[in-house]
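Asker: Structure incoming, see below.
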Amino acid sequence: NVTLGNEPTLGPGRQLYARRRAISQARDMLHRLGMDIDPHAPAYHLSVAQKQMIEIARALLLKAPVIIMDEPTAALSDNEADVLLRLIGKLRDQGTAIVFVSHRLEEVLRVADRVTVLRGGHRVATLAAADISGTHVLIELMIGEQLDTLFPPRNETIGDVVFAVHDLPREGAFESVAFDVRAGEILGVAGLVGAGRTAVMRAI
């Protein structure tokens with residue numbers, strides 16, 4: 001996967017796939033990225049974060065002058081996202097141009113030099129990241145109004161239970177999930193990547 005599209009070759013006419021050289025190139029590139037991934041490991045055994053690192057390694061091996069990352073941290077834990085963001089900083093310092101698309105505004109301000117905000121498919125602003133005082137500035141540009149109107153007062157009148165889940169299991173995914181939702185209430189379901197949030201919702 002790392003050498004895909006840029007496979008090393010050998011032999012007369014260089015028509016033979018140089019597997020050992022490919023493994024060596026993959027190992028060296030993954031080491032450069034600070035990733036301890038076995039080059040022999042099938043991709044389907046890797047985590048989401050590791051798969052993303054494989055894609056980045058491939059782009060670097062191809063010497064891609066521009067890398068576009070669309071929501072690259074959406075499925076990552078905080079630690080995995082931190083590793084990726086530090087890598088993005090290194091790539092930028094080495095001269096790689098990166099387009100970083102994300103709804104995680106803290107990450108945008110952390111890695112970006114310039115920020116473009118879209119609303120309804122149209123560009124509403126392009127700002128130097130150094131001139132943005134905080135994520136509230138970006139949110140106001142995104143929604144087109146002052147932030148103090150974004151979060152209305154919470155509903156203090158919570159009614160009776162309208163939906164209940166008790167001892168919900170799914171073999172190999174989760175067990176004994178239970179919660180109630182009351183009228184006028186918002187219930188959030190949180191957990192690390194792989195904890196079973198999506199599986200619970202799908203089961204329901």
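Letters for chains follow the order of the structure tokens (A, B, ...), residue numbers begin at 1 for each chain, and ligand numbers begin at 1 in the order shown.
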Give me every strand (DSSP E) residue in range 19-193 of chain A, going by DSSP on the backbone, as a ChimeraX atom specification.
Answerer: /A:66-70,97-101,114-119,122-128,161-170,174-182
Asker: If you keep C-alpha atoms, can you produce a file of those selected residues as a tab-separated table (two decimals), in the first residue's frame?
Answerer:
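Listed below is the output, result38.tsv:
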```
chain	number	residue	atom	x	y	z
A	66	VAL	CA	0.21	18.99	-2.21
A	67	ILE	CA	-1.72	16.77	0.22
A	68	ILE	CA	-5.47	17.26	0.77
A	69	MET	CA	-6.81	15.96	4.09
A	70	ASP	CA	-10.60	15.87	4.46
A	97	ALA	CA	1.48	22.27	0.91
A	98	ILE	CA	-1.51	20.90	2.83
A	99	VAL	CA	-5.23	21.58	2.48
A	100	PHE	CA	-6.75	20.65	5.85
A	101	VAL	CA	-10.57	20.37	5.90
A	114	ARG	CA	-4.49	30.62	6.57
A	115	VAL	CA	-8.12	29.74	7.23
A	116	THR	CA	-10.98	29.90	4.71
A	117	VAL	CA	-14.52	29.72	6.09
A	118	LEU	CA	-17.41	28.40	3.97
A	119	ARG	CA	-21.13	28.91	4.55
A	122	HIS	CA	-19.73	29.99	-0.53
A	123	ARG	CA	-16.51	31.48	0.81
A	124	VAL	CA	-17.29	34.08	3.46
A	125	ALA	CA	-13.77	34.85	4.68
A	126	THR	CA	-10.09	34.02	4.37
A	127	LEU	CA	-7.97	35.04	7.35
A	128	ALA	CA	-4.43	34.58	8.59
A	161	VAL	CA	-39.56	8.95	30.04
A	162	VAL	CA	-40.43	8.65	26.33
A	163	PHE	CA	-37.77	6.14	25.30
A	164	ALA	CA	-36.04	3.47	27.37
A	165	VAL	CA	-33.28	0.95	26.66
A	166	HIS	CA	-32.52	-1.83	29.15
A	167	ASP	CA	-29.82	-4.55	29.01
A	168	LEU	CA	-29.24	-4.13	25.26
A	169	PRO	CA	-26.58	-6.59	23.99
A	170	ARG	CA	-24.81	-7.20	20.70
A	174	PHE	CA	-21.29	-4.44	23.70
A	175	GLU	CA	-23.53	-5.71	26.47
A	176	SER	CA	-25.96	-4.45	29.11
A	177	VAL	CA	-26.45	-0.97	27.59
A	178	ALA	CA	-29.21	0.93	29.39
A	179	PHE	CA	-30.53	4.48	29.41
A	180	ASP	CA	-33.72	6.55	29.51
A	181	VAL	CA	-34.58	9.64	27.50
A	182	ARG	CA	-37.18	12.06	28.85
```
Asker: Between A:Met53, A:Ala199, A:Asn79, A:Arg92, which one has atoms that come closest to Pro65 in chain A, using only C-alpha atoms?
Answerer: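 When distances to Pro65 in chain A are compared using only C-alpha atoms, the smallest one comes from A:Arg92.
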Asker: Measure the distance from CA of Leu10 in chain A to CA of Arg27 in chain A in Å and round it to one decimal.
Answerer: 19.0 Å
Asker: Go through A:Glu106, A:Asp36, A:Glu7, A:Asp28 one by one, measure the shortest atom-to-atom distance of each to Ala81 in chain A using only C-alpha atoms, and give the residue with the smallest value.
Answerer: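 With only C-alpha atoms as the atom set, the closest residue is A:Glu106.
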